[in-house]
Amino acid sequence: MQTSERWTSPYLPIYATLALAAGIWVGQEWLTLAWWQCAGPRLSPHILWLLAPLPLLVYGLWRLRHRHALIPLLCLSFALLGIWRYLSHPFFPCPAANALVLYHADSPYEHPLTLEGVVTGYPETRATYTQYRVRIEALWQESERVPVQGVALVRSQGEQSFRYGDRLRIRGTPTTPPSFVDFDYRRFLARKGIDTLVQRGDLTLLASSQGSPFWSALYTLRATASQVLDQLLPQPYAALANGMILGIESGIPRSLYDEFNLTGSSHVIVISGSNIAIVSGILLGLFSRLFGKRKNLATGVTISGIVLYTLLVGADAAVLRAALMGIFYVLAVHLERQSAAIISLFVAALLMLVLNPLTLWDVGFQLSFMATLGLILFNAPLKRRWDARLGRRLPRVINGLLAEGLLVTLAAQITTMPMVVIYFGRLSLISFLVNFLILPVQPPIMIAGGLATLVGFGLLPVARVIALIPWGSLWWTVLIVEKMAAVPWASLEVSAFGRLLATLTYGLFALGFLWWLLRQEQQADTFIPPTWRPALTRSLTAAALIALPLWGGATWWVNQPDGRLHLYLLGHDQSVDFLIATPGGNHILLTPERTETTTDLATLIAQIPAHSQTLALAILTRPATALPKLHPPPALLLGPDTPALLPGTTIRLDTDVTLQLVHRPRDDTDSFLFQLCYHDFSTLLPFENTQEAQQSLLAQALPPPTLLVAPYPHVGAWPNPDLLAQLRPQITLLPTGITYPPHVQSALAASTHLLSIPTDAMVEVVTDGTEMRLFSYPYAENTLLR
C-alpha cells in the first residue's frame, strides 16, 4: 500500500485569505435574502460552529500532506469562517429593544430629542462644524429618562469644544445616515461602529473624565503634538503635516484636498504604509542599538512603539494593514528569517478580516492592499527591465532617483488606477508625473517633521530650525500639486463603459495572479498547456489594443457637453451658490459674500462633475473683497465694484443663453438680481433682494419666470407678496426649514406651485429650453483615498 505524497505550500495564507473574503461576501449576500430579515425567521450564525471539526480535518490532512485535498478543504473551512464572521457582525444588525436606532426620525428637521452620552473618539474640526463620536446611554421622553444603546456621530456648530471622555447632553434629532447614489454613507459609518447621525446638535457639558485614562492620555498627546506642528509651520503646511504625521486631516483646506484628489496624489497626505515603514525602521534601529544583545526586549519595545503610533493616528484599515506588516517585518528580523512580503500582506489582511469583516468594503483598505500588492509583484520585474535597458547607462545617483520614483509609482498605479476609476469615476492623466515629482520629498516630512514635533515639546526654538526641512518638502509638494491641478484636462470623468473596462481589468489581473500562484506551485502546466500560451498571449494583447481606444473614446465622449442648460444650486445652510453650465460647455458661478462660517466654495463645487469646475465667469452677487480660492481660477470676475455692470446689461453666456442684470445692489444688505433665459425657460438669480428693492421691481413688469428659488435661511430676505402676485412663477423652490411671515406664506401658496428642497444638498435643474427636470443630491462625506 502506497503512502500519500507529503507536501506543503508557503502560499497557504493566500488561499485562506481569499477564501475568507469570499465567505464574508457570501454572508453579506445571504443576509440580504428576503427570508433573512429581523422581522422574519432567523437562523443563528452560531449554527456554523457545528462545522468546527472541519479545520481539525484540515489540520490532519496537513500533517499527512495530501497535496490535492489540503487546499480545497482549507478554502472551504475559511469560507465558512467568513460566512460566520459576517453573520455575527453585519453592517446593520437586528436592533435590541433599547437600541437608539428605534428612535430615528425621518428628517433632521423633525422635533429634536434630548440625549445623553460620552465622547469616545478624537473630535474632528471641519470648516463649519465639529463632529464627535458619542456613545449614547440615555434619552428623555418628557421627564422620563430612558436607557438606550447606540453610537452617534454628532455635529455641532457651536463655538465650545469638547474632548474625549466628556459626558454631554445633546439636543438634536437622531437620524439614519443617508445612502447616496455613488456613496453609501450609512455603510461607511457602520464600518466604524456608528449607527446614528445627529446633524445639528446643541451640546452641553455634564461631566469630564468619563473615559479610559489610556485613551485620554493618547488623545491629549495627539492634540498637543498637533498644536506644536501648528506653531512650527505656517498654513496650509501645518495642516498637511498634521495629516501626514498624526493622521489629523480635518484642518486641510478642502480646495487643497481637491487638488490632491485631482492629481491622483491624495495618498501622500494620509498615514500609509510608507509612514509605518519609516516608524518601524527608526524604532528597530534605535532600540537595537539601545538594548544591544537583549534582542527580545528590543523587539518587544519596537512592536509596542508601532502599536502606540498606530493607535495615535487613528488605526483605520489602511494604517492597521501597514502596522501588521511592520510588526511581521520586525519579527522576521528578530527570528533571522527572510520576510516574505506577499505572505505578510495576506496574513495582515486575514487578521483584519477576522477581527472586522466589514473591512472588506473599506475603500482605503482595498487601495492600500492593492498598492502594496502591485509593489510586491511588479516593482522587481520593472527594475530588472529598467536596469537591462537604461539603468546601466546612467550615473548611479541619477539611476537610483529615477528608478525609485518612476518604478515604484508605476508598480503601485498598475493595481490601483482601475480601482480609482471604478469607485470614483475619475482618471487622472497627470498622476504618474505628479507622484514622480513629489514622492522623493515625502520621507523628510515624516522623519524631520516627527523629530521637530518631539523636540518642540520642550525646545521650540530648536524645533523651528529642524522644521525648515519638512517645510521645504511641503512647499515643493504643494507647488507641484497646485500647478498640475491647474492644467486643463488634468483629470477626466470616466463613463460607465470605462468603469466596466476597469472591472474587466481586475478580472484579468485575478486570472494573472492565479497563474502566478500556479507557477510558484509548479502547477501551471496542469491548467494551461505550454502549446496554448502563445495564442493566449496574442489574444489578450489584441483585446487590450481594442479595449483601450474604446475606453479613451468613451471617456472623451462623457466629458462633452450634453446640449442642455444645467443650473446647480449649491446649498450650504447659510446661503446658496448658483453654478450655470450652458449647452455649449461654458460655466458661470454666482456666489454671495463668504464669511468664516460659510462652507468652503471649493467643497461645494467639488460635488459636481469635474468638467463643470472650469469657470468662464464668476460674479460676486454681494459686496466682497475677493473670490475664494479656486483652481483653475475663473477667466473673468465681476462684482459690485464693476462700474460697467448696470441694470439692463446683457451677458451672452452661450448660443440662446443670456444673463441680463435686472437690479444692482444699493447697499451691503442688497444683492444683484439677474434674469437667466434659455428659449422658453427663465429664472431670477439670486432672488435675495431687500423688500425695498423688490418693491421697486414692480415698475419693470418683469415677465413671469419658469422657476424661482426662494431665499435660503440666514439670508435675511423673503419674497415680496406684491411682486409674487405680479410674477406668478410656474414653480418656486422653497428651502426646507425656512420660516417666512404668514402673509408671505399665503402669497406663495396662492401664486405658484411650491417644491421643497433641502438646504444642505446640491439641487440640479436640467432643461432643454422647453421641459425642465429637477434632481437632488446630498453631499457626500470626504473618504477619498483614505
# chains A, B, ... in the order shown; residues from 1 in each chain; ligands from 1
$ select_by_dssp --residues "range 560-768 of chain A" --states "strand (DSSP E or B)" --output "count of residues only"
67
$ residues_around --residues "Ile342 in chain A" --least-positions-apart "4" --cutoff "10 Å" --atoms "only C-alpha atoms" --output "PDB file with N, CA and C atoms, in the first residue's frame"
ATOM      1  N   TYR A  11       2.230  29.218   0.383  1.00  0.00           N
ATOM      2  CA  TYR A  11       1.201  30.172  -0.024  1.00  0.00           C
ATOM      3  C   TYR A  11      -0.175  29.847   0.551  1.00  0.00           C
ATOM      4  N   PRO A  13      -1.496  30.908   3.352  1.00  0.00           N
ATOM      5  CA  PRO A  13      -2.205  32.116   3.820  1.00  0.00           C
ATOM      6  C   PRO A  13      -2.927  32.862   2.696  1.00  0.00           C
ATOM      7  N   ILE A  14      -2.404  32.799   1.479  1.00  0.00           N
ATOM      8  CA  ILE A  14      -3.071  33.467   0.363  1.00  0.00           C
ATOM      9  C   ILE A  14      -4.398  32.791   0.071  1.00  0.00           C
ATOM     10  N   MET A 325       1.961  44.551   8.876  1.00  0.00           N
ATOM     11  CA  MET A 325       3.105  44.190   8.050  1.00  0.00           C
ATOM     12  C   MET A 325       4.412  44.664   8.692  1.00  0.00           C
ATOM     13  N   PHE A 346      -0.905  39.147   3.002  1.00  0.00           N
ATOM     14  CA  PHE A 346      -2.143  38.368   3.086  1.00  0.00           C
ATOM     15  C   PHE A 346      -2.450  37.949   4.523  1.00  0.00           C
ATOM     16  N   VAL A 347      -1.443  37.686   5.329  1.00  0.00           N
ATOM     17  CA  VAL A 347      -1.703  37.372   6.736  1.00  0.00           C
ATOM     18  C   VAL A 347      -2.279  38.595   7.446  1.00  0.00           C
ATOM     19  N   ALA A 348      -1.741  39.784   7.139  1.00  0.00           N
ATOM     20  CA  ALA A 348      -2.302  41.010   7.725  1.00  0.00           C
ATOM     21  C   ALA A 348      -3.762  41.184   7.333  1.00  0.00           C
ATOM     22  N   THR A 372       0.111  47.892  -2.285  1.00  0.00           N
ATOM     23  CA  THR A 372       1.203  47.070  -1.759  1.00  0.00           C
ATOM     24  C   THR A 372       1.409  45.824  -2.610  1.00  0.00           C
ATOM     25  N   LEU A 373       0.320  45.196  -3.037  1.00  0.00           N
ATOM     26  CA  LEU A 373       0.427  44.016  -3.886  1.00  0.00           C
ATOM     27  C   LEU A 373       1.103  44.365  -5.215  1.00  0.00           C
ATOM     28  N   LEU A 375       3.312  46.738  -5.700  1.00  0.00           N
ATOM     29  CA  LEU A 375       4.745  46.920  -5.442  1.00  0.00           C
ATOM     30  C   LEU A 375       5.454  45.572  -5.335  1.00  0.00           C
ATOM     31  N   ILE A 376       4.806  44.625  -4.661  1.00  0.00           N
ATOM     32  CA  ILE A 376       5.429  43.316  -4.467  1.00  0.00           C
ATOM     33  C   ILE A 376       5.575  42.571  -5.797  1.00  0.00           C
ATOM     34  N   LEU A 377       4.528  42.618  -6.611  1.00  0.00           N
ATOM     35  CA  LEU A 377       4.515  41.817  -7.835  1.00  0.00           C
ATOM     36  C   LEU A 377       5.296  42.450  -8.981  1.00  0.00           C
TER      37      LEU A 377
END
$ closest_atom_pairs --of "range 175-271 of chain A" --to "range 356-363 of chain A" --cutoff "12 Å" --atoms "only C-alpha atoms" --output "CSV"
residue,atom,partner,partner_atom,distance
A:Phe183,CA,A:Val363,CA,10.9
A:Asp184,CA,A:Trp361,CA,10.8
A:Tyr185,CA,A:Asp362,CA,11.8
A:Arg187,CA,A:Trp361,CA,8.8
A:Phe188,CA,A:Asp362,CA,7.7
A:Leu189,CA,A:Asp362,CA,10.6
A:Ala190,CA,A:Leu358,CA,8.4
A:Arg191,CA,A:Leu358,CA,5.7
A:Lys192,CA,A:Leu358,CA,9.0
A:Gly193,CA,A:Leu358,CA,10.0
$ write_last_selection --atoms "all heavy atoms" --output "PDB file, in the first residue's frame"
ATOM      1  N   PHE A 183     -22.234  56.748  -3.097  1.00  0.00           N
ATOM      2  CA  PHE A 183     -21.512  56.635  -1.834  1.00  0.00           C
ATOM      3  C   PHE A 183     -22.510  56.291  -0.735  1.00  0.00           C
ATOM      4  O   PHE A 183     -23.434  57.051  -0.464  1.00  0.00           O
ATOM      5  CB  PHE A 183     -20.781  57.931  -1.504  1.00  0.00           C
ATOM      6  CG  PHE A 183     -20.104  57.908  -0.158  1.00  0.00           C
ATOM      7  CD1 PHE A 183     -19.153  56.953   0.128  1.00  0.00           C
ATOM      8  CD2 PHE A 183     -20.411  58.844   0.816  1.00  0.00           C
ATOM      9  CE1 PHE A 183     -18.525  56.920   1.362  1.00  0.00           C
ATOM     10  CE2 PHE A 183     -19.788  58.826   2.049  1.00  0.00           C
ATOM     11  CZ  PHE A 183     -18.834  57.859   2.318  1.00  0.00           C
ATOM     12  N   ASP A 184     -22.329  55.123  -0.114  1.00  0.00           N
ATOM     13  CA  ASP A 184     -23.219  54.686   0.961  1.00  0.00           C
ATOM     14  C   ASP A 184     -22.639  55.164   2.283  1.00  0.00           C
ATOM     15  O   ASP A 184     -21.806  54.496   2.895  1.00  0.00           O
ATOM     16  CB  ASP A 184     -23.362  53.166   0.935  1.00  0.00           C
ATOM     17  CG  ASP A 184     -24.544  52.687   1.774  1.00  0.00           C
ATOM     18  OD1 ASP A 184     -24.900  53.395   2.740  1.00  0.00           O
ATOM     19  OD2 ASP A 184     -25.113  51.622   1.465  1.00  0.00           O
ATOM     20  N   TYR A 185     -23.077  56.355   2.713  1.00  0.00           N
ATOM     21  CA  TYR A 185     -22.560  56.945   3.945  1.00  0.00           C
ATOM     22  C   TYR A 185     -22.969  56.115   5.156  1.00  0.00           C
ATOM     23  O   TYR A 185     -22.236  56.045   6.147  1.00  0.00           O
ATOM     24  CB  TYR A 185     -23.076  58.379   4.082  1.00  0.00           C
ATOM     25  CG  TYR A 185     -22.416  59.175   5.179  1.00  0.00           C
ATOM     26  CD1 TYR A 185     -21.046  59.090   5.399  1.00  0.00           C
ATOM     27  CD2 TYR A 185     -23.158  60.041   5.979  1.00  0.00           C
ATOM     28  CE1 TYR A 185     -20.441  59.833   6.396  1.00  0.00           C
ATOM     29  CE2 TYR A 185     -22.560  60.789   6.976  1.00  0.00           C
ATOM     30  CZ  TYR A 185     -21.200  60.682   7.184  1.00  0.00           C
ATOM     31  OH  TYR A 185     -20.595  61.417   8.175  1.00  0.00           O
ATOM     32  N   ARG A 187     -23.218  52.799   5.336  1.00  0.00           N
ATOM     33  CA  ARG A 187     -22.259  51.701   5.469  1.00  0.00           C
ATOM     34  C   ARG A 187     -20.885  52.200   5.897  1.00  0.00           C
ATOM     35  O   ARG A 187     -20.173  51.536   6.644  1.00  0.00           O
ATOM     36  CB  ARG A 187     -22.145  50.939   4.155  1.00  0.00           C
ATOM     37  CG  ARG A 187     -23.313  50.011   3.873  1.00  0.00           C
ATOM     38  CD  ARG A 187     -22.951  49.031   2.776  1.00  0.00           C
ATOM     39  NE  ARG A 187     -23.952  47.991   2.618  1.00  0.00           N
ATOM     40  CZ  ARG A 187     -23.732  46.843   2.004  1.00  0.00           C
ATOM     41  NH1 ARG A 187     -22.541  46.602   1.472  1.00  0.00           N
ATOM     42  NH2 ARG A 187     -24.675  45.939   1.908  1.00  0.00           N
ATOM     43  N   PHE A 188     -20.500  53.368   5.407  1.00  0.00           N
ATOM     44  CA  PHE A 188     -19.211  53.954   5.779  1.00  0.00           C
ATOM     45  C   PHE A 188     -19.133  54.138   7.295  1.00  0.00           C
ATOM     46  O   PHE A 188     -18.118  53.800   7.928  1.00  0.00           O
ATOM     47  CB  PHE A 188     -19.035  55.289   5.062  1.00  0.00           C
ATOM     48  CG  PHE A 188     -17.852  56.088   5.523  1.00  0.00           C
ATOM     49  CD1 PHE A 188     -16.575  55.750   5.134  1.00  0.00           C
ATOM     50  CD2 PHE A 188     -18.022  57.185   6.359  1.00  0.00           C
ATOM     51  CE1 PHE A 188     -15.475  56.481   5.570  1.00  0.00           C
ATOM     52  CE2 PHE A 188     -16.940  57.922   6.798  1.00  0.00           C
ATOM     53  CZ  PHE A 188     -15.665  57.575   6.394  1.00  0.00           C
ATOM     54  N   LEU A 189     -20.206  54.656   7.900  1.00  0.00           N
ATOM     55  CA  LEU A 189     -20.212  54.838   9.349  1.00  0.00           C
ATOM     56  C   LEU A 189     -20.383  53.509  10.073  1.00  0.00           C
ATOM     57  O   LEU A 189     -19.835  53.321  11.164  1.00  0.00           O
ATOM     58  CB  LEU A 189     -21.336  55.805   9.745  1.00  0.00           C
ATOM     59  CG  LEU A 189     -21.157  57.259   9.296  1.00  0.00           C
ATOM     60  CD1 LEU A 189     -22.326  58.114   9.778  1.00  0.00           C
ATOM     61  CD2 LEU A 189     -19.849  57.838   9.816  1.00  0.00           C
ATOM     62  N   ALA A 190     -21.145  52.574   9.478  1.00  0.00           N
ATOM     63  CA  ALA A 190     -21.346  51.272  10.122  1.00  0.00           C
ATOM     64  C   ALA A 190     -20.019  50.544  10.293  1.00  0.00           C
ATOM     65  O   ALA A 190     -19.819  49.826  11.281  1.00  0.00           O
ATOM     66  CB  ALA A 190     -22.322  50.432   9.306  1.00  0.00           C
ATOM     67  N   ARG A 191     -19.095  50.697   9.346  1.00  0.00           N
ATOM     68  CA  ARG A 191     -17.777  50.061   9.480  1.00  0.00           C
ATOM     69  C   ARG A 191     -17.031  50.588  10.700  1.00  0.00           C
ATOM     70  O   ARG A 191     -16.166  49.916  11.249  1.00  0.00           O
ATOM     71  CB  ARG A 191     -16.937  50.295   8.226  1.00  0.00           C
ATOM     72  CG  ARG A 191     -17.414  49.565   7.002  1.00  0.00           C
ATOM     73  CD  ARG A 191     -16.319  49.469   5.961  1.00  0.00           C
ATOM     74  NE  ARG A 191     -15.850  50.770   5.532  1.00  0.00           N
ATOM     75  CZ  ARG A 191     -16.340  51.453   4.511  1.00  0.00           C
ATOM     76  NH1 ARG A 191     -17.338  50.941   3.808  1.00  0.00           N
ATOM     77  NH2 ARG A 191     -15.841  52.625   4.165  1.00  0.00           N
ATOM     78  N   LYS A 192     -17.374  51.792  11.131  1.00  0.00           N
ATOM     79  CA  LYS A 192     -16.742  52.387  12.310  1.00  0.00           C
ATOM     80  C   LYS A 192     -17.570  52.187  13.569  1.00  0.00           C
ATOM     81  O   LYS A 192     -17.256  52.756  14.619  1.00  0.00           O
ATOM     82  CB  LYS A 192     -16.520  53.887  12.077  1.00  0.00           C
ATOM     83  CG  LYS A 192     -15.635  54.191  10.880  1.00  0.00           C
ATOM     84  CD  LYS A 192     -15.389  55.675  10.744  1.00  0.00           C
ATOM     85  CE  LYS A 192     -14.426  55.976   9.596  1.00  0.00           C
ATOM     86  NZ  LYS A 192     -14.106  57.411   9.502  1.00  0.00           N
ATOM     87  N   GLY A 193     -18.658  51.404  13.458  1.00  0.00           N
ATOM     88  CA  GLY A 193     -19.493  51.134  14.614  1.00  0.00           C
ATOM     89  C   GLY A 193     -20.476  52.235  14.942  1.00  0.00           C
ATOM     90  O   GLY A 193     -21.008  52.290  16.056  1.00  0.00           O
TER      91      GLY A 193
END
$ closest_atom_pairs --of "range 406-437 of chain A" --to "range 259-270 of chain A" --cutoff "10 Å" --atoms "only C-alpha atoms" --output "tab-separated table"
residue	atom	partner	partner_atom	distance
A:Gln413	CA	A:Gly264	CA	9.8
A:Met417	CA	A:Gly264	CA	9.1
A:Val420	CA	A:Gly264	CA	9.0
A:Arg426	CA	A:Leu262	CA	8.4
A:Leu427	CA	A:Gly264	CA	8.5
A:Ser428	CA	A:Thr263	CA	6.0
A:Leu429	CA	A:Thr263	CA	7.9
A:Ile430	CA	A:Thr263	CA	6.1
A:Ser431	CA	A:Gly264	CA	4.7
A:Phe432	CA	A:Gly264	CA	8.0
A:Leu433	CA	A:Thr263	CA	9.1
A:Val434	CA	A:Thr263	CA	6.8
A:Asn435	CA	A:Ser265	CA	6.2
$ write_last_selection --atoms "C-alpha atoms" --output "PDB file, in the first residue's frame"
ATOM      1  CA  GLN A 413      -0.606  52.530 -10.133  1.00  0.00           C
ATOM      2  CA  MET A 417      -5.724  53.050 -11.092  1.00  0.00           C
ATOM      3  CA  VAL A 420      -9.910  54.623  -8.614  1.00  0.00           C
ATOM      4  CA  ARG A 426     -12.074  59.658 -12.358  1.00  0.00           C
ATOM      5  CA  LEU A 427      -8.994  59.128 -14.487  1.00  0.00           C
ATOM      6  CA  SER A 428      -6.092  61.410 -13.653  1.00  0.00           C
ATOM      7  CA  LEU A 429      -3.858  61.939 -16.694  1.00  0.00           C
ATOM      8  CA  ILE A 430      -1.050  63.520 -14.689  1.00  0.00           C
ATOM      9  CA  SER A 431      -0.982  61.394 -11.534  1.00  0.00           C
ATOM     10  CA  PHE A 432       2.086  59.465 -12.701  1.00  0.00           C
ATOM     11  CA  LEU A 433       4.089  62.660 -13.295  1.00  0.00           C
ATOM     12  CA  VAL A 434       2.896  64.307 -10.073  1.00  0.00           C
ATOM     13  CA  ASN A 435       3.783  61.294  -7.942  1.00  0.00           C
TER      14      ASN A 435
END
$ residues_around --residues "Phe365 in chain A" --least-positions-apart "4" --cutoff "7 Å" --atoms "only C-alpha atoms" --output "mmCIF file with N, CA and C atoms, in the first residue's frame"
data_model
loop_
_atom_site.group_PDB
_atom_site.id
_atom_site.type_symbol
_atom_site.label_atom_id
_atom_site.label_comp_id
_atom_site.auth_asym_id
_atom_site.auth_seq_id
_atom_site.Cartn_x
_atom_site.Cartn_y
_atom_site.Cartn_z
ATOM 1 N N ALA A 317 -8.307 51.249 8.580
ATOM 2 C CA ALA A 317 -7.981 49.961 7.960
ATOM 3 C C ALA A 317 -6.626 49.979 7.258
ATOM 4 N N ALA A 318 -6.346 51.044 6.501
ATOM 5 C CA ALA A 318 -5.084 51.111 5.766
ATOM 6 C C ALA A 318 -3.889 51.166 6.714
ATOM 7 N N PHE A 369 -4.165 47.812 0.098
ATOM 8 C CA PHE A 369 -3.805 46.421 -0.171
ATOM 9 C C PHE A 369 -3.326 46.253 -1.608
#
$ residues_around --residues "Thr739 in chain A" --least-positions-apart "6" --cutoff "10 Å" --atoms "only C-alpha atoms" --output "short mmCIF file (atom, residue, chain, number, x, y, z; two decimals) with all heavy atoms, in the first residue's frame"
data_model
loop_
_atom_site.label_atom_id
_atom_site.label_comp_id
_atom_site.auth_asym_id
_atom_site.auth_seq_id
_atom_site.Cartn_x
_atom_site.Cartn_y
_atom_site.Cartn_z
N TYR A 712 -32.73 81.45 0.90
CA TYR A 712 -32.33 80.43 1.87
C TYR A 712 -32.33 81.01 3.29
O TYR A 712 -32.36 82.24 3.47
CB TYR A 712 -30.94 79.90 1.53
CG TYR A 712 -30.93 78.74 0.56
CD1 TYR A 712 -31.58 78.83 -0.66
CD2 TYR A 712 -30.30 77.56 0.89
CE1 TYR A 712 -31.59 77.76 -1.55
CE2 TYR A 712 -30.28 76.48 0.01
CZ TYR A 712 -30.93 76.59 -1.21
OH TYR A 712 -30.94 75.53 -2.08
N PRO A 713 -32.29 80.15 4.32
CA PRO A 713 -32.19 80.66 5.70
C PRO A 713 -30.95 81.51 5.90
O PRO A 713 -29.95 81.37 5.20
CB PRO A 713 -32.13 79.38 6.54
CG PRO A 713 -32.69 78.31 5.68
CD PRO A 713 -32.37 78.68 4.28
N TRP A 718 -37.00 87.76 2.16
CA TRP A 718 -38.13 86.90 1.80
C TRP A 718 -38.87 87.53 0.64
O TRP A 718 -38.73 88.74 0.37
CB TRP A 718 -39.05 86.69 3.01
CG TRP A 718 -39.59 87.96 3.60
CD1 TRP A 718 -40.68 88.68 3.19
CD2 TRP A 718 -39.04 88.67 4.72
NE1 TRP A 718 -40.85 89.79 3.97
CE2 TRP A 718 -39.86 89.81 4.93
CE3 TRP A 718 -37.94 88.45 5.56
CZ2 TRP A 718 -39.62 90.71 5.94
CZ3 TRP A 718 -37.71 89.36 6.58
CH2 TRP A 718 -38.54 90.48 6.76
N GLN A 745 -46.16 83.46 3.32
CA GLN A 745 -46.51 82.06 3.08
C GLN A 745 -47.81 81.96 2.29
O GLN A 745 -47.93 81.15 1.35
CB GLN A 745 -46.65 81.33 4.43
CG GLN A 745 -45.38 81.30 5.27
CD GLN A 745 -44.43 80.19 4.83
OE1 GLN A 745 -44.56 79.63 3.76
NE2 GLN A 745 -43.46 79.87 5.68
#
$ atom_distance --atom1 "CA of Leu468 in chain A" --atom2 "CA of Asp230 in chain A"
13.5 Å
$ residues_around --residues "range 299-308 of chain A" --least-positions-apart "6" --cutoff "9 Å" --atoms "only C-alpha atoms" --output "list of chain:residue names"
A:Leu218, A:Ile276, A:Val279, A:Ser280, A:Leu283, A:Leu284, A:Leu286, A:Phe287, A:Ser288, A:Ala323, A:Leu324, A:Gly326, A:Ile327, A:Val330, A:Leu331, A:Val333, A:His334
$ write_last_selection --atoms "N, CA, C and O atoms" --output "compact mmCIF listing (two decimals), in the first residue's frame"
# COMPACT_ATOMS: atom_id res chain seq x y z
N LEU A 218 -3.59 59.38 25.38
CA LEU A 218 -3.15 59.28 23.99
C LEU A 218 -3.73 60.43 23.15
O LEU A 218 -3.01 61.05 22.35
N ILE A 276 4.41 53.92 8.25
CA ILE A 276 4.66 52.84 9.21
C ILE A 276 6.03 52.21 8.98
O ILE A 276 6.73 51.84 9.93
N VAL A 279 8.56 54.46 10.61
CA VAL A 279 8.50 54.32 12.07
C VAL A 279 9.11 53.00 12.50
O VAL A 279 9.89 52.94 13.46
N SER A 280 8.78 51.90 11.79
CA SER A 280 9.32 50.58 12.14
C SER A 280 10.84 50.57 12.03
O SER A 280 11.54 50.07 12.92
N LEU A 283 12.45 52.84 14.88
CA LEU A 283 12.34 52.24 16.21
C LEU A 283 13.22 51.00 16.33
O LEU A 283 13.89 50.80 17.36
N LEU A 284 13.24 50.17 15.27
CA LEU A 284 14.04 48.95 15.33
C LEU A 284 15.53 49.29 15.41
O LEU A 284 16.27 48.70 16.22
N LEU A 286 16.87 52.12 16.52
CA LEU A 286 17.15 52.81 17.78
C LEU A 286 17.23 51.84 18.95
O LEU A 286 18.20 51.85 19.73
N PHE A 287 16.21 50.99 19.08
CA PHE A 287 16.17 50.10 20.26
C PHE A 287 17.16 48.95 20.13
O PHE A 287 17.61 48.41 21.14
N SER A 288 17.51 48.55 18.91
CA SER A 288 18.54 47.53 18.75
C SER A 288 19.88 48.03 19.27
O SER A 288 20.64 47.30 19.91
N ALA A 323 0.57 48.51 9.75
CA ALA A 323 1.15 48.23 11.06
C ALA A 323 1.40 46.74 11.24
O ALA A 323 2.44 46.33 11.76
N LEU A 324 0.46 45.91 10.82
CA LEU A 324 0.64 44.47 10.93
C LEU A 324 1.83 44.00 10.09
O LEU A 324 2.63 43.16 10.54
N GLY A 326 4.37 45.85 9.33
CA GLY A 326 5.56 46.33 10.02
C GLY A 326 5.94 45.42 11.18
O GLY A 326 7.13 45.14 11.42
N ILE A 327 4.94 44.93 11.91
CA ILE A 327 5.20 44.02 13.02
C ILE A 327 5.78 42.70 12.51
O ILE A 327 6.73 42.14 13.09
N VAL A 330 9.42 43.19 11.76
CA VAL A 330 10.25 43.23 12.97
C VAL A 330 10.45 41.82 13.52
O VAL A 330 11.56 41.44 13.93
N LEU A 331 9.39 41.01 13.52
CA LEU A 331 9.51 39.62 13.99
C LEU A 331 10.44 38.81 13.09
O LEU A 331 11.20 37.97 13.57
N VAL A 333 12.99 39.94 11.39
CA VAL A 333 14.37 40.33 11.72
C VAL A 333 14.80 39.69 13.02
O VAL A 333 15.94 39.21 13.16
N HIS A 334 13.88 39.66 14.00
CA HIS A 334 14.23 39.08 15.30
C HIS A 334 14.52 37.58 15.17
O HIS A 334 15.46 37.06 15.80
